[in-house]
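Some notes on the structure that comes next.
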Amino acid sequence: LQVSEIRTVLRHQALVVKRPKNLRVWLDGRLAPGVFAKDVALGLIATVGSDAAIGHVVEFAGSLLADLDMEARLTLCNMVAEMGTRYALIAPDDVTVAYMRARGHAAQVSGLASDPDASFDREIRFDVTGLEPQVTWGTSPMQAVAITDRVPQAAVAGALAYMQLAPGTPLQSVPIDAAFIGSCTNARLSDLRQAARLLRGRRIAPGVQAMCTPGSMAVKLAAEAEGLHEVFLSAGFSWRMPGCSNCAGREGPIWKDMRVVSTTNRNFENRQGPGTRTHLASPATVAASALAGRLADPRAFL
């Protein structure tokens, strides 16, 4: 909230919000192995821009959704904040019902989807066919490309200066100092399973600092019940208590002036500490990069 909004809430116990417009985002196609919801979000934002959803409620639709579990859908809805909106939704279905019932909640979804003839103020289509694992090169979530790509030739000079990168640099040649798996975006149980799949039986590269912070105490306990914490610890990660942690530099300046590959939702300047240079990626890509000691393609480890 802005200061003026906080003042209104305190004085009037209300917040005046302009009614948003509706934006439907169609996600078509199927994901290839090694590509996840975080890659979809980064690829989408890189395509449409960080201001594409300002003043809108986003509703995701399309054939891809049937292939996504509930936690992948939560990642998508979390990341639309980086498109400029506070609101995102996906019509509930059998996946939603199963997720709710598994947690002891009744679920009634009939009538909650948009009508077939519903009209939207805007519509966007994004085909995930052929999408590769994504990683950011700059200081905005929309500055992302495929892990197999290079830093764009027409990249923003200010972002490159902060990230200490040159146009044309192969992303997989960029060394890292630290790796972070955590945050509200990608620290759910399925995210930890993705990373553990790559880390099991392997050790992170010498000199890399690696940290895993489960998204909640429930996630932490579930992960430990599966022995995932042992996989992370054996690989060289630290296993932290739940919380925001170093999503926003809460652990102090431990990564000052370092290059970090991170599952968080934002890579702004100094976001993870003074001078910290953050590359956003999926949990699988973060795990692969920690193993390689550089930005790496998770498909090489699957």
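We label chains A, B, ... in the order they appear in the structure tokens, count residues from 1 in each chain, and number ligands from 1 in the order shown.
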
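Every protein or nucleic acid residue with an atom no more than 12 Å from A:His229, counting only C-alpha atoms and leaving out same-chain residues fewer than 3 positions away, appears here: Leu189, Leu192, Arg193, Ala195, Ala196, Leu199, Arg200, Met211, Cys212, Thr213, Pro214, Val219, Lys220, Leu221, Ala222, Ala223, Glu224, Ala225, Glu226, Phe232, Leu233, Ser234, Ala235, Gly236, Phe237, Ser238, Trp239, Arg240 and Met241 of chain A.
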
Keeping only N, CA and C atoms, write those residues as a PDB file, in the first residue's frame.
ATOM      1  N   LEU A 189       6.116 -27.895  -1.338  1.00  0.00           N
ATOM      2  CA  LEU A 189       6.649 -29.251  -1.299  1.00  0.00           C
ATOM      3  C   LEU A 189       7.044 -29.744  -2.682  1.00  0.00           C
ATOM      4  N   LEU A 192      10.418 -28.329  -3.660  1.00  0.00           N
ATOM      5  CA  LEU A 192      11.540 -28.988  -2.985  1.00  0.00           C
ATOM      6  C   LEU A 192      11.790 -30.367  -3.582  1.00  0.00           C
ATOM      7  N   ARG A 193      10.727 -31.050  -3.986  1.00  0.00           N
ATOM      8  CA  ARG A 193      10.898 -32.350  -4.645  1.00  0.00           C
ATOM      9  C   ARG A 193      11.615 -32.193  -5.985  1.00  0.00           C
ATOM     10  N   ALA A 195      13.799 -29.910  -6.861  1.00  0.00           N
ATOM     11  CA  ALA A 195      15.208 -29.649  -6.619  1.00  0.00           C
ATOM     12  C   ALA A 195      15.919 -30.894  -6.098  1.00  0.00           C
ATOM     13  N   ALA A 196      15.269 -31.604  -5.171  1.00  0.00           N
ATOM     14  CA  ALA A 196      15.880 -32.794  -4.579  1.00  0.00           C
ATOM     15  C   ALA A 196      16.120 -33.867  -5.624  1.00  0.00           C
ATOM     16  N   LEU A 199      19.437 -33.019  -6.923  1.00  0.00           N
ATOM     17  CA  LEU A 199      20.512 -32.983  -5.935  1.00  0.00           C
ATOM     18  C   LEU A 199      20.859 -34.353  -5.364  1.00  0.00           C
ATOM     19  N   ARG A 200      19.926 -35.280  -5.399  1.00  0.00           N
ATOM     20  CA  ARG A 200      20.139 -36.580  -4.751  1.00  0.00           C
ATOM     21  C   ARG A 200      21.396 -37.261  -5.285  1.00  0.00           C
ATOM     22  N   MET A 211      21.271 -22.372   0.036  1.00  0.00           N
ATOM     23  CA  MET A 211      20.323 -22.285   1.135  1.00  0.00           C
ATOM     24  C   MET A 211      18.943 -22.721   0.664  1.00  0.00           C
ATOM     25  N   CYS A 212      18.261 -23.524   1.467  1.00  0.00           N
ATOM     26  CA  CYS A 212      16.874 -23.895   1.199  1.00  0.00           C
ATOM     27  C   CYS A 212      16.020 -23.488   2.396  1.00  0.00           C
ATOM     28  N   THR A 213      14.997 -22.688   2.140  1.00  0.00           N
ATOM     29  CA  THR A 213      14.071 -22.244   3.171  1.00  0.00           C
ATOM     30  C   THR A 213      12.663 -22.685   2.786  1.00  0.00           C
ATOM     31  N   PRO A 214      12.114 -23.718   3.403  1.00  0.00           N
ATOM     32  CA  PRO A 214      10.749 -24.149   3.086  1.00  0.00           C
ATOM     33  C   PRO A 214       9.751 -23.010   3.267  1.00  0.00           C
ATOM     34  N   VAL A 219       5.152 -27.232   5.183  1.00  0.00           N
ATOM     35  CA  VAL A 219       6.011 -27.717   4.094  1.00  0.00           C
ATOM     36  C   VAL A 219       7.290 -28.318   4.666  1.00  0.00           C
ATOM     37  N   LYS A 220       7.866 -27.646   5.635  1.00  0.00           N
ATOM     38  CA  LYS A 220       9.110 -28.144   6.243  1.00  0.00           C
ATOM     39  C   LYS A 220       8.912 -29.537   6.847  1.00  0.00           C
ATOM     40  N   LEU A 221       7.838 -29.698   7.598  1.00  0.00           N
ATOM     41  CA  LEU A 221       7.581 -30.986   8.242  1.00  0.00           C
ATOM     42  C   LEU A 221       7.295 -32.079   7.216  1.00  0.00           C
ATOM     43  N   ALA A 222       6.542 -31.741   6.178  1.00  0.00           N
ATOM     44  CA  ALA A 222       6.241 -32.722   5.137  1.00  0.00           C
ATOM     45  C   ALA A 222       7.507 -33.121   4.392  1.00  0.00           C
ATOM     46  N   ALA A 223       8.355 -32.145   4.111  1.00  0.00           N
ATOM     47  CA  ALA A 223       9.609 -32.435   3.418  1.00  0.00           C
ATOM     48  C   ALA A 223      10.515 -33.316   4.270  1.00  0.00           C
ATOM     49  N   GLU A 224      10.567 -33.032   5.557  1.00  0.00           N
ATOM     50  CA  GLU A 224      11.403 -33.830   6.451  1.00  0.00           C
ATOM     51  C   GLU A 224      10.849 -35.243   6.605  1.00  0.00           C
ATOM     52  N   ALA A 225       9.526 -35.382   6.560  1.00  0.00           N
ATOM     53  CA  ALA A 225       8.924 -36.712   6.642  1.00  0.00           C
ATOM     54  C   ALA A 225       9.314 -37.565   5.429  1.00  0.00           C
ATOM     55  N   GLU A 226       9.578 -36.906   4.299  1.00  0.00           N
ATOM     56  CA  GLU A 226      10.013 -37.611   3.095  1.00  0.00           C
ATOM     57  C   GLU A 226      11.536 -37.751   3.017  1.00  0.00           C
ATOM     58  N   PHE A 232      19.054 -32.330   0.734  1.00  0.00           N
ATOM     59  CA  PHE A 232      19.623 -30.978   0.645  1.00  0.00           C
ATOM     60  C   PHE A 232      20.901 -30.866   1.471  1.00  0.00           C
ATOM     61  N   LEU A 233      20.869 -31.372   2.692  1.00  0.00           N
ATOM     62  CA  LEU A 233      22.050 -31.280   3.548  1.00  0.00           C
ATOM     63  C   LEU A 233      23.222 -32.071   2.974  1.00  0.00           C
ATOM     64  N   SER A 234      22.964 -33.257   2.461  1.00  0.00           N
ATOM     65  CA  SER A 234      24.029 -34.079   1.884  1.00  0.00           C
ATOM     66  C   SER A 234      24.642 -33.411   0.650  1.00  0.00           C
ATOM     67  N   ALA A 235      23.796 -32.650  -0.065  1.00  0.00           N
ATOM     68  CA  ALA A 235      24.288 -31.980  -1.270  1.00  0.00           C
ATOM     69  C   ALA A 235      25.089 -30.725  -0.954  1.00  0.00           C
ATOM     70  N   GLY A 236      24.978 -30.228   0.286  1.00  0.00           N
ATOM     71  CA  GLY A 236      25.732 -29.036   0.670  1.00  0.00           C
ATOM     72  C   GLY A 236      24.888 -27.810   0.915  1.00  0.00           C
ATOM     73  N   PHE A 237      23.550 -27.955   0.851  1.00  0.00           N
ATOM     74  CA  PHE A 237      22.653 -26.849   1.167  1.00  0.00           C
ATOM     75  C   PHE A 237      22.507 -26.724   2.677  1.00  0.00           C
ATOM     76  N   SER A 238      22.245 -25.514   3.153  1.00  0.00           N
ATOM     77  CA  SER A 238      21.779 -25.349   4.521  1.00  0.00           C
ATOM     78  C   SER A 238      20.262 -25.495   4.509  1.00  0.00           C
ATOM     79  N   TRP A 239      19.703 -25.997   5.584  1.00  0.00           N
ATOM     80  CA  TRP A 239      18.261 -26.247   5.693  1.00  0.00           C
ATOM     81  C   TRP A 239      17.720 -25.301   6.754  1.00  0.00           C
ATOM     82  N   ARG A 240      16.926 -24.323   6.348  1.00  0.00           N
ATOM     83  CA  ARG A 240      16.545 -23.226   7.224  1.00  0.00           C
ATOM     84  C   ARG A 240      15.127 -23.387   7.770  1.00  0.00           C
ATOM     85  N   MET A 241      14.823 -22.563   8.759  1.00  0.00           N
ATOM     86  CA  MET A 241      13.459 -22.472   9.259  1.00  0.00           C
ATOM     87  C   MET A 241      12.611 -21.683   8.259  1.00  0.00           C
TER      88      MET A 241
END

Neighbour list for stretch 172-181 of chain A as a PyMOL selection string, cut-off 9 Å, only C-alpha atoms, skip fewer than 4 positions in-chain: chain A and resi 147-150+165+186-187+191-192+195+207-214+237+246-247+255+258-264+282-283+286-287+289-290+292-297

Polymer residues at most 10 Å from A:Leu280, only C-alpha atoms, same-chain spacing of 5 or more positions, as number ranges by chain: A: 38-39, 42, 134-141, 143-144, 180, 260-267, 285-286

Same residues, N, CA, C and O atoms, output as a CSV table (one decimal), in the first residue's frame:
chain,number,residue,atom,x,y,z
A,38,LYS,N,7.3,-21.9,-13.1
A,38,LYS,CA,8.1,-20.7,-13.0
A,38,LYS,C,8.7,-20.3,-14.3
A,38,LYS,O,8.7,-19.1,-14.6
A,39,ASP,N,9.0,-21.2,-15.2
A,39,ASP,CA,9.5,-20.9,-16.5
A,39,ASP,C,8.4,-20.3,-17.4
A,39,ASP,O,8.6,-19.4,-18.1
A,42,LEU,N,8.0,-16.6,-16.1
A,42,LEU,CA,9.1,-15.8,-16.6
A,42,LEU,C,9.0,-15.6,-18.1
A,42,LEU,O,9.2,-14.5,-18.6
A,134,GLN,N,13.9,-21.0,-18.1
A,134,GLN,CA,14.1,-19.6,-18.2
A,134,GLN,C,15.0,-19.1,-17.1
A,134,GLN,O,15.0,-19.6,-16.0
A,135,VAL,N,15.8,-18.0,-17.4
A,135,VAL,CA,16.6,-17.4,-16.3
A,135,VAL,C,16.7,-15.9,-16.7
A,135,VAL,O,16.7,-15.5,-17.8
A,136,THR,N,16.6,-15.1,-15.6
A,136,THR,CA,16.8,-13.6,-15.9
A,136,THR,C,18.2,-13.2,-16.0
A,136,THR,O,19.1,-13.8,-15.4
A,137,TRP,N,18.4,-12.2,-16.8
A,137,TRP,CA,19.8,-11.7,-17.0
A,137,TRP,C,19.9,-10.3,-16.4
A,137,TRP,O,21.0,-9.8,-16.2
A,138,GLY,N,18.8,-9.6,-16.1
A,138,GLY,CA,18.8,-8.2,-15.7
A,138,GLY,C,18.2,-8.0,-14.3
A,138,GLY,O,18.3,-8.8,-13.4
A,139,THR,N,17.6,-6.8,-14.1
A,139,THR,CA,17.1,-6.4,-12.8
A,139,THR,C,15.6,-6.3,-12.8
A,139,THR,O,15.0,-5.6,-12.0
A,140,SER,N,14.9,-7.0,-13.7
A,140,SER,CA,13.4,-7.0,-13.7
A,140,SER,C,13.1,-8.5,-14.1
A,140,SER,O,13.8,-9.1,-14.9
A,141,PRO,N,12.0,-9.0,-13.6
A,141,PRO,CA,11.5,-10.3,-14.0
A,141,PRO,C,11.3,-10.5,-15.5
A,141,PRO,O,11.3,-11.6,-16.0
A,143,GLN,N,13.1,-9.4,-17.8
A,143,GLN,CA,14.4,-9.5,-18.5
A,143,GLN,C,14.9,-10.9,-18.4
A,143,GLN,O,15.9,-11.2,-17.7
A,144,ALA,N,14.2,-11.8,-19.0
A,144,ALA,CA,14.5,-13.3,-19.0
A,144,ALA,C,14.6,-13.8,-20.4
A,144,ALA,O,13.9,-13.4,-21.3
A,180,PHE,N,19.6,-20.0,-3.9
A,180,PHE,CA,18.6,-19.9,-2.9
A,180,PHE,C,17.3,-20.5,-3.4
A,180,PHE,O,16.8,-20.2,-4.5
A,260,VAL,N,23.7,-14.5,-7.3
A,260,VAL,CA,22.8,-15.5,-6.7
A,260,VAL,C,21.8,-16.0,-7.8
A,260,VAL,O,21.2,-15.2,-8.4
A,261,VAL,N,21.6,-17.3,-7.9
A,261,VAL,CA,20.5,-17.8,-8.6
A,261,VAL,C,19.4,-18.2,-7.7
A,261,VAL,O,19.7,-18.9,-6.7
A,262,SER,N,18.2,-17.7,-7.9
A,262,SER,CA,17.2,-17.8,-6.8
A,262,SER,C,15.8,-18.1,-7.4
A,262,SER,O,15.4,-17.7,-8.5
A,263,THR,N,15.0,-18.8,-6.6
A,263,THR,CA,13.6,-19.1,-6.9
A,263,THR,C,12.6,-18.0,-6.6
A,263,THR,O,11.4,-18.2,-6.7
A,264,THR,N,13.1,-16.9,-6.1
A,264,THR,CA,12.2,-15.8,-5.7
A,264,THR,C,11.5,-15.2,-6.8
A,264,THR,O,11.7,-15.5,-8.0
A,265,ASN,N,10.6,-14.2,-6.5
A,265,ASN,CA,9.8,-13.6,-7.6
A,265,ASN,C,10.4,-12.3,-8.1
A,265,ASN,O,10.0,-11.8,-9.2
A,266,ARG,N,11.4,-11.8,-7.4
A,266,ARG,CA,12.0,-10.5,-7.8
A,266,ARG,C,13.5,-10.5,-7.8
A,266,ARG,O,14.1,-11.1,-7.0
A,267,ASN,N,14.0,-9.7,-8.8
A,267,ASN,CA,15.5,-9.6,-8.9
A,267,ASN,C,15.9,-8.2,-9.0
A,267,ASN,O,16.9,-7.8,-9.6
A,285,THR,N,16.3,-25.4,-12.0
A,285,THR,CA,17.4,-24.6,-12.6
A,285,THR,C,18.3,-24.2,-11.5
A,285,THR,O,19.6,-24.2,-11.6
A,286,VAL,N,17.8,-23.7,-10.3
A,286,VAL,CA,18.6,-23.3,-9.2
A,286,VAL,C,19.5,-24.5,-8.7
A,286,VAL,O,20.7,-24.3,-8.5

For stretch 114-116 of chain A: contacts at 12 Å, only C-alpha atoms, fewer than 3 positions along chain excluded, given as a list in words: Asn22, Arg24, Glu59, Phe60, Ala61, Leu89, Ile90, Ala91, Pro92, Val109, Ser110, Gly111, Ser119 and Phe120 of chain A

Determine, counting only C-alpha atoms, which protein, DNA and RNA residues have an atom within 10 Å of an atom of A:Val40; residues of the same chain fewer than 4 positions away are not included. Present the result as a tab-separated table (two decimals) with N, CA and C atoms, in the first residue's frame.
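The result, stored in out.tsv:
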chain	number	residue	atom	x	y	z
A	27	LEU	N	-3.03	-20.00	-21.83
A	27	LEU	CA	-1.77	-20.75	-21.83
A	27	LEU	C	-1.99	-22.03	-22.62
A	31	LEU	N	4.13	-28.58	-21.49
A	31	LEU	CA	5.51	-28.33	-21.08
A	31	LEU	C	6.39	-29.54	-21.37
A	35	VAL	N	10.87	-28.28	-17.68
A	35	VAL	CA	10.28	-26.94	-17.75
A	35	VAL	C	9.08	-26.90	-16.80
A	36	PHE	N	8.99	-25.82	-16.02
A	36	PHE	CA	8.00	-25.78	-14.94
A	36	PHE	C	7.21	-24.47	-14.95
A	44	LEU	N	6.30	-15.71	-19.97
A	44	LEU	CA	5.14	-14.85	-20.23
A	44	LEU	C	5.47	-13.39	-19.96
A	45	ILE	N	6.06	-13.12	-18.80
A	45	ILE	CA	6.38	-11.74	-18.43
A	45	ILE	C	7.40	-11.15	-19.40
A	46	ALA	N	8.37	-11.96	-19.83
A	46	ALA	CA	9.35	-11.47	-20.79
A	46	ALA	C	8.70	-11.13	-22.13
A	72	ALA	N	1.69	-25.66	-8.81
A	72	ALA	CA	2.16	-24.97	-10.01
A	72	ALA	C	1.24	-23.80	-10.34
A	75	THR	N	2.04	-20.89	-8.15
A	75	THR	CA	3.22	-20.16	-8.62
A	75	THR	C	2.84	-19.18	-9.71
A	76	LEU	N	2.02	-19.61	-10.65
A	76	LEU	CA	1.58	-18.71	-11.73
A	76	LEU	C	0.86	-17.50	-11.16
A	79	MET	N	3.17	-15.02	-9.43
A	79	MET	CA	4.06	-14.25	-10.28
A	79	MET	C	3.37	-13.16	-11.09
A	126	PHE	N	-0.42	-17.27	-24.97
A	126	PHE	CA	0.99	-17.61	-24.81
A	126	PHE	C	1.13	-19.11	-24.97
A	127	ASP	N	1.86	-19.52	-26.00
A	127	ASP	CA	2.04	-20.95	-26.30
A	127	ASP	C	3.34	-21.43	-25.66
A	128	VAL	N	3.24	-22.43	-24.79
A	128	VAL	CA	4.42	-22.93	-24.08
A	128	VAL	C	5.14	-24.03	-24.85
A	131	LEU	N	8.93	-24.10	-25.10
A	131	LEU	CA	9.51	-23.26	-24.05
A	131	LEU	C	10.63	-24.01	-23.34
A	132	GLU	N	11.76	-23.32	-23.11
A	132	GLU	CA	12.90	-23.90	-22.40
A	132	GLU	C	12.98	-23.31	-20.99
A	133	PRO	N	13.78	-23.92	-20.12
A	133	PRO	CA	13.99	-23.31	-18.80
A	133	PRO	C	14.45	-21.86	-18.95
A	134	GLN	N	13.86	-20.99	-18.15
A	134	GLN	CA	14.13	-19.55	-18.24
A	134	GLN	C	15.02	-19.07	-17.11
A	282	SER	N	13.64	-21.46	-11.95
A	282	SER	CA	12.84	-22.48	-11.27
A	282	SER	C	13.70	-23.21	-10.24

Selection: 8 Å around stretch 250-254 of chain A, only C-alpha atoms, excl. self and same-chain fewer than 2 positions, as a compact mmCIF listing (two decimals) with C-alpha atoms, in the first residue's frame:
# COMPACT_ATOMS: atom_id res chain seq x y z
CA CYS A 244 10.89 -14.89 3.98
CA SER A 245 14.57 -15.51 4.65
CA ASN A 246 16.85 -14.14 1.94
CA CYS A 247 14.09 -13.50 -0.54
CA ALA A 248 14.48 -9.88 0.54
CA LYS A 256 26.87 -8.72 -0.43
CA GLN A 272 18.73 -9.92 -1.71
CA GLY A 273 21.39 -7.74 -0.12
CA PRO A 274 23.70 -4.82 -0.93

Sel. of helix (DSSP H, G or I) residues, stretch 61-288 of chain A, as a VMD selection string: chain A and resid 63 to 67 70 to 83 94 to 102 157 to 163 171 to 173 189 to 199 217 to 225 228 to 235 245 to 247 283 to 288
